[in-house]
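Q: Just dropping this structure here.
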Amino acid sequence: MQNFAEYLCAYCGEPNTTFVDVSGGTNQSYVEDCQVCCRPNLLFVAMDWETESISITTDYQE
Ligand SMILES: [Zn+2]
């Protein structure tokens, strides 16, 4: 299982790489600041154990 996944910032659209703690569960959500524009992204992390892939969707953090 890979531990790093990429997502696009909800604000500026730039790609970010984030470390995912796979021991934290199949579905996780947390806030991480964009490495480009420093605005807070709400990340929804979903793990697919069959394909060992991680997908992340982002939303604005109020
Ligand atoms: Zn950004």
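Letters A, B, ... go to the chains of the structure tokens in the order shown; residues in each chain start at 1; ligands are counted from 1 in the same order.
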Step one, run DSSP on the backbone; step two, keep only residues of chain A assigned to strand (DSSP E); then write them as a PyMOL selection string.
A: chain A and resi 4-8+15-19+27-33+40-48+53-60
Q: Taking only residues of chain A that have an atom at most 7 Å from an atom of ligand 1, what is each one's shortest atom pair and its distance in Å to one decimal, using only C-alpha atoms and all ligand atoms, in chain and number order, as a tab-separated table?
A:
residue	atom	partner	partner_atom_place_in_ligand_line	distance
A:Cys9	CA	ligand 1	1 (Zn)	4.6
A:Ala10	CA	ligand 1	1 (Zn)	6.6
A:Tyr11	CA	ligand 1	1 (Zn)	5.1
A:Cys12	CA	ligand 1	1 (Zn)	4.2
A:Gly13	CA	ligand 1	1 (Zn)	6.0
A:Glu14	CA	ligand 1	1 (Zn)	5.7
A:Cys34	CA	ligand 1	1 (Zn)	4.6
A:Gln35	CA	ligand 1	1 (Zn)	6.6
A:Val36	CA	ligand 1	1 (Zn)	5.0
A:Cys37	CA	ligand 1	1 (Zn)	4.1
A:Cys38	CA	ligand 1	1 (Zn)	6.1
A:Arg39	CA	ligand 1	1 (Zn)	5.9
Q: Those same residues, written as an mmCIF file, in the first residue's frame with N, CA and C atoms?
A:
data_model
loop_
_atom_site.group_PDB
_atom_site.id
_atom_site.type_symbol
_atom_site.label_atom_id
_atom_site.label_comp_id
_atom_site.auth_asym_id
_atom_site.auth_seq_id
_atom_site.Cartn_x
_atom_site.Cartn_y
_atom_site.Cartn_z
ATOM 1 N N CYS A 9 -5.434 21.146 -5.016
ATOM 2 C CA CYS A 9 -5.931 22.147 -4.078
ATOM 3 C C CYS A 9 -7.300 22.660 -4.518
ATOM 4 N N ALA A 10 -8.232 22.764 -3.559
ATOM 5 C CA ALA A 10 -9.572 23.240 -3.867
ATOM 6 C C ALA A 10 -9.578 24.724 -4.216
ATOM 7 N N TYR A 11 -8.522 25.420 -3.820
ATOM 8 C CA TYR A 11 -8.469 26.868 -4.033
ATOM 9 C C TYR A 11 -7.724 27.234 -5.305
ATOM 10 N N CYS A 12 -6.456 26.772 -5.405
ATOM 11 C CA CYS A 12 -5.630 27.206 -6.521
ATOM 12 C C CYS A 12 -5.457 26.141 -7.589
ATOM 13 N N GLY A 13 -5.878 24.890 -7.303
ATOM 14 C CA GLY A 13 -5.823 23.841 -8.301
ATOM 15 C C GLY A 13 -4.454 23.221 -8.499
ATOM 16 N N GLU A 14 -3.492 23.618 -7.680
ATOM 17 C CA GLU A 14 -2.153 23.068 -7.815
ATOM 18 C C GLU A 14 -2.077 21.688 -7.157
ATOM 19 N N CYS A 34 -2.561 23.865 1.807
ATOM 20 C CA CYS A 34 -1.958 23.735 0.488
ATOM 21 C C CYS A 34 -0.494 24.153 0.561
ATOM 22 N N GLN A 35 0.351 23.354 -0.102
ATOM 23 C CA GLN A 35 1.774 23.675 -0.072
ATOM 24 C C GLN A 35 2.102 24.855 -0.989
ATOM 25 N N VAL A 36 1.165 25.247 -1.833
ATOM 26 C CA VAL A 36 1.407 26.339 -2.778
ATOM 27 C C VAL A 36 0.807 27.645 -2.261
ATOM 28 N N CYS A 37 -0.502 27.620 -1.913
ATOM 29 C CA CYS A 37 -1.165 28.863 -1.530
ATOM 30 C C CYS A 37 -1.451 28.939 -0.022
ATOM 31 N N CYS A 38 -1.149 27.854 0.714
ATOM 32 C CA CYS A 38 -1.247 27.826 2.178
ATOM 33 C C CYS A 38 -2.672 27.936 2.700
ATOM 34 N N ARG A 39 -3.664 27.764 1.806
ATOM 35 C CA ARG A 39 -5.029 27.789 2.301
ATOM 36 C C ARG A 39 -5.454 26.379 2.716
#
Q: For a quick check of understanding, using only C-alpha atoms, which of A:Asn41, A:Thr51, A:Gln2, A:Thr57 has the smallest distance to A:Val22?
A: A:Gln2
Q: In terms of the shortest atom-to-atom distance over only C-alpha atoms, which of A:Val31, A:Ala46, A:Val20, A:Leu8 is closest to A:Glu62?
A: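 Checking each of A:Val31, A:Ala46, A:Val20, A:Leu8 against A:Glu62, counting only C-alpha atoms, the winner is A:Val31.
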Q: Name the residues in contact with A:Ile54 at a cut-off of 9 Å, using only C-alpha atoms, excluding same-chain residues fewer than 6 positions from it; report them as a count of residues only.
A: 11
Q: Any idea what the distance is between atom CA of A:Asp33 and atom CA of A:Ser53?
A: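 Calculated distance between atom CA of A:Asp33 and atom CA of A:Ser53 is 22.4 Å.
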